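The block underneath contains the structure these notes are about, expressed in structure tokens.
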Amino acid sequence: MVTKALKIVLIAFLLSSVLSSISKATLLENIPLDSWVYAVVDELHCQGLFPSLHKNVKPYTRGEIASLVLEINLRQKEGVLRLSDSQLWLLGKLNQEFRFELEELYYKKQKKDEDQTVLRYGTSPIAHTTLTEGDSSYGRVQTRFETSLQFDKRFVLKNRVVIDTKAEKERRYEGREWKNHLTGVLDEAYANIDFGYFRLLLGRDHIRWGPGREDVLLLSDQIPPFDMIKLEGGVGSFKLAYFATVLDQVYFPPLHHRLSGFWAKRYLSGHRLNLKLKMGVEMGISEVVLYGGNNRDIEPYYLNPLLPYYGEQFNQDMDDNILWSFDIVLSMFKNKELYFELLIDDFQYDFESEPHQTGFQVGLNYAEPFGLRRSYVNLEYTKINNWVYGQNKPWNRYTYHGWGMGSILGPDADRWSFELIYHFTKDIDLAFLEEYRRKGEGRIDLPQTSAVPSSKKFPSGVVEYTNQSKFMLTYQPSANLKVDLSAEYNKIKNLENESGKKENALVFKANLSWNFWKERRF
């Protein structure tokens with residue numbers, strides 16, 4: 001295991017040394033959703049430093065964040081903005097991460113020149129270690145190889161290959177084992193084209209819509225990426241996002257009334273309208289539709305970004321699975337941010353045929369609470385009622401490669417979470433996380449009739465109770481090196497909804513990530 005890990009790291013280092021010799025800033029490249037950048041941006045946004053950012057539509061582009069960081073830098077230089085110690089530390093890491101984009105943007109502000117072709121290479125070896133009772137496979141190595149090619153700041157090609165010795169531990173990877181427990185997945189492969197008022201993405205990438213810190217209700221990044229067409233554009237305070245993708249097919253075996261089985265085709269389309277006001281209010285409304293069946297093709301009306309899917313489904317007399325989401329973030333208070341998301345699964349316009357299947361999430365971000373400097377708190381509650389994400393037609397259930405596409409909790413569950421982060425020094429962060437979860441017997445893939453029954457108990461059946469306490473230490477002396485150490489204690493009652501079944505586990509984890517980046521103009 002150690003020999004294999006060293007080989008992977010050595011290959012990553014050699015490739016990065018050779019391939020990263022000719023590269024420069026790529027402003028249109030999306031920031032991967034597993035990047036540490038998002039947590040830093042969220043914290044600074046809570047403190048009012050990114051007032052124009054549409055925070056709930058992810059991923060961001062590197063140019064998008066770099067332009068906001070440059071604006072802060074210039075305001076600091078002019079003396080109109082004074083930052084605290086922790087803000088300066090976090091901003092310093094962002095300046096280092098986006099130094100080539102910042103140089104490019106600042107140079108463009110000072111002097112107009114011709115756009116250039118940009119080539120960018122990089123590798124990111126990551127080493128994981130997990131120590132827990134009964135698990136002897138505590139070594140894991142992951143390496144990411146990234147390549148992007150940008151032409152004239154209007155067109156970028158991006159690829160990211162992930163090679164992992166324990167890919168089965170990740171929900172977001174879908175791939176087969178190669179050899180000696182190695183799995184390789186191409187989790188980002190897209191072209192991103194800027195047309196001025198909107199961007200067009202063709203290819204494979206993740207989507208995340210919603211304000212939650214670690215989890216959202218409608219579109220989560222905790223699943224394999226979509227192969228899709230995606231549009232994002234904005235005018236003034238509005239931003240419109242749209243995508244359409246083909247999901248994995250589902251096989252249905254022969255039944256007594258059907259002589260042969262079939263593969264059901266499945267499709268997903270979604271659009272979102274986001275509004276960001278300078279007064280510190282961000283609102284978004286989203287709609288997605290999942291449809292398919294035996295020999296059903298893509299429906300042209302679901303490819304229309306401006307067409308309400310719910311009304312079109314009714315006019316076409318189809319029984320597709322439509323979900324709505326409404327979210328709002330209030331950040332006009334100093335160092336405080338309140339957010340709320342409501343999910344409605346298959347809205348019943350008559351309010352009589354069956355109860356609405358709903359879920360909601362409410363949370364608070366609070367920087368320097370009660371005068372405690374260098375600290376940051378997140379408090380969040382999530383509740384998802386039974387039958388959410390499901391449907392009477394199995395191919396219309398809200399899953400992708402076997403995983404739920406919404407909240408990681410799934411239906412018939414709720415969760416309280418509390419997280420405290422303390423920036424001990426410029427390079428060291430301490431954190432504490434406490435979670436309490438309840439999970440009923442409801443599942444997305446449970447068969448259901450055309451009319452959902454009213455739930456008399458939440459959560460339903462035998463309830464699984466989970467308490468998790470976690471202590472974390474992060475050492476990040478630069479944007480390119482990050483070490484995470486954690487110790488967590490999990491106490492589970494009625495494990496997997498079996499009455500009386502218990503599990504207590506003490507888990508130690510270590511994670512080392514190192515980015516090899518060398519960029520220059522050419």
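Following the order of the structure tokens, chains are lettered A, B, ..., residues in each are numbered from 1, and ligands are numbered from 1.
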Counting only C-alpha atoms, which residues of range 425-467 of chain A sit at most 12 Å from some atom of range 501-508 of chain A, and what is each one's closest atom pair with its distance in Å to one decimal, listed by chain and rising residue number, as JSON lines?
```
{"residue": "A:Val462", "atom": "CA", "partner": "A:Lys501", "partner_atom": "CA", "distance": 10.9}
{"residue": "A:Val463", "atom": "CA", "partner": "A:Lys501", "partner_atom": "CA", "distance": 11.1}
{"residue": "A:Glu464", "atom": "CA", "partner": "A:Lys501", "partner_atom": "CA", "distance": 9.3}
{"residue": "A:Tyr465", "atom": "CA", "partner": "A:Lys502", "partner_atom": "CA", "distance": 9.6}
{"residue": "A:Thr466", "atom": "CA", "partner": "A:Glu503", "partner_atom": "CA", "distance": 9.4}
{"residue": "A:Asn467", "atom": "CA", "partner": "A:Asn504", "partner_atom": "CA", "distance": 9.6}
```
Generate the output file for the selected residues, C-alpha atoms, as an mmCIF file, in the first residue's frame.
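That gives us result.cif:
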```
data_model
loop_
_atom_site.group_PDB
_atom_site.id
_atom_site.type_symbol
_atom_site.label_atom_id
_atom_site.label_comp_id
_atom_site.auth_asym_id
_atom_site.auth_seq_id
_atom_site.Cartn_x
_atom_site.Cartn_y
_atom_site.Cartn_z
ATOM 1 C CA VAL A 462 -38.270 2.658 13.875
ATOM 2 C CA VAL A 463 -36.128 5.791 14.014
ATOM 3 C CA GLU A 464 -32.341 5.764 13.730
ATOM 4 C CA TYR A 465 -30.726 8.339 16.074
ATOM 5 C CA THR A 466 -27.193 9.610 15.458
ATOM 6 C CA ASN A 467 -25.042 11.890 17.607
#
```
*Picked from range 26-146 of chain A by DSSP as alpha helix (DSSP H), as a PyMOL selection string*: chain A and resi 37-46+62-77+85-97+99-110
Report as JSON lines: every residue of range 294-391 of chain A with an atom at most 10 Å from range 262-274 of chain A, its closest pair of atoms, and their distance in Å to one decimal, counting only C-alpha atoms, with rows sorted by chain and ascending residue number.
```
{"residue": "A:Asn294", "atom": "CA", "partner": "A:Ala264", "partner_atom": "CA", "distance": 4.7}
{"residue": "A:Asn295", "atom": "CA", "partner": "A:Lys265", "partner_atom": "CA", "distance": 6.8}
{"residue": "A:Arg296", "atom": "CA", "partner": "A:Lys265", "partner_atom": "CA", "distance": 6.6}
{"residue": "A:Asp297", "atom": "CA", "partner": "A:Lys265", "partner_atom": "CA", "distance": 7.6}
{"residue": "A:Ile298", "atom": "CA", "partner": "A:Tyr267", "partner_atom": "CA", "distance": 7.0}
{"residue": "A:Glu299", "atom": "CA", "partner": "A:Tyr267", "partner_atom": "CA", "distance": 9.0}
{"residue": "A:Tyr302", "atom": "CA", "partner": "A:Ser269", "partner_atom": "CA", "distance": 6.4}
{"residue": "A:Leu303", "atom": "CA", "partner": "A:Ser269", "partner_atom": "CA", "distance": 7.0}
{"residue": "A:Asn304", "atom": "CA", "partner": "A:Ser269", "partner_atom": "CA", "distance": 9.2}
{"residue": "A:Pro305", "atom": "CA", "partner": "A:His271", "partner_atom": "CA", "distance": 6.2}
{"residue": "A:Leu306", "atom": "CA", "partner": "A:His271", "partner_atom": "CA", "distance": 8.0}
{"residue": "A:Leu307", "atom": "CA", "partner": "A:His271", "partner_atom": "CA", "distance": 9.2}
{"residue": "A:Pro308", "atom": "CA", "partner": "A:His271", "partner_atom": "CA", "distance": 9.0}
{"residue": "A:Tyr309", "atom": "CA", "partner": "A:Gly270", "partner_atom": "CA", "distance": 8.8}
{"residue": "A:Asn321", "atom": "CA", "partner": "A:Leu268", "partner_atom": "CA", "distance": 9.6}
{"residue": "A:Ile322", "atom": "CA", "partner": "A:Gly270", "partner_atom": "CA", "distance": 9.4}
{"residue": "A:Leu323", "atom": "CA", "partner": "A:Gly270", "partner_atom": "CA", "distance": 9.3}
{"residue": "A:Trp324", "atom": "CA", "partner": "A:Gly270", "partner_atom": "CA", "distance": 9.7}
{"residue": "A:Ser325", "atom": "CA", "partner": "A:Arg272", "partner_atom": "CA", "distance": 9.0}
{"residue": "A:Phe326", "atom": "CA", "partner": "A:Arg272", "partner_atom": "CA", "distance": 9.6}
{"residue": "A:Asp327", "atom": "CA", "partner": "A:Asn274", "partner_atom": "CA", "distance": 9.4}
{"residue": "A:Ile328", "atom": "CA", "partner": "A:Asn274", "partner_atom": "CA", "distance": 9.6}
```
Hey, what's within 10 Å of Gln316 in chain A if we count only C-alpha atoms and toss same-chain stuff fewer than 4 positions away? As a PDB file with C-alpha atoms, in the first residue's frame, please?
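As a result, out-v1.pdb now contains:
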```pdb
ATOM      1  CA  TYR A 301     -40.455  21.841 -24.167  1.00  0.00           C
ATOM      2  CA  GLY A 311     -47.696  24.239 -16.519  1.00  0.00           C
ATOM      3  CA  GLU A 312     -46.304  22.458 -19.546  1.00  0.00           C
TER       4      GLU A 312
END
```
_All residues 8 Å or closer to Ser331 in chain A, only C-alpha atoms, same chain fewer than 6 positions away omitted, as a ChimeraX atom specification_ = /A:46,48,280-281,337-338
Take the selection from the previous step and output its residues with C-alpha atoms, as a CSV table (one decimal), in the first residue's frame.
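again31.csv was written with the following content:
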```
chain,number,residue,atom,x,y,z
A,46,CYS,CA,-21.2,36.8,5.9
A,48,GLY,CA,-20.1,41.8,3.9
A,280,GLY,CA,-28.1,42.5,1.5
A,281,VAL,CA,-30.9,40.2,0.2
A,337,GLU,CA,-26.4,35.9,7.8
A,338,LEU,CA,-29.8,34.2,8.0
```
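Across A:Leu379, A:Met472, A:Leu217, A:Leu433, the tightest approach to Thr358 in chain A is made by A:Leu217 when counting only C-alpha atoms.
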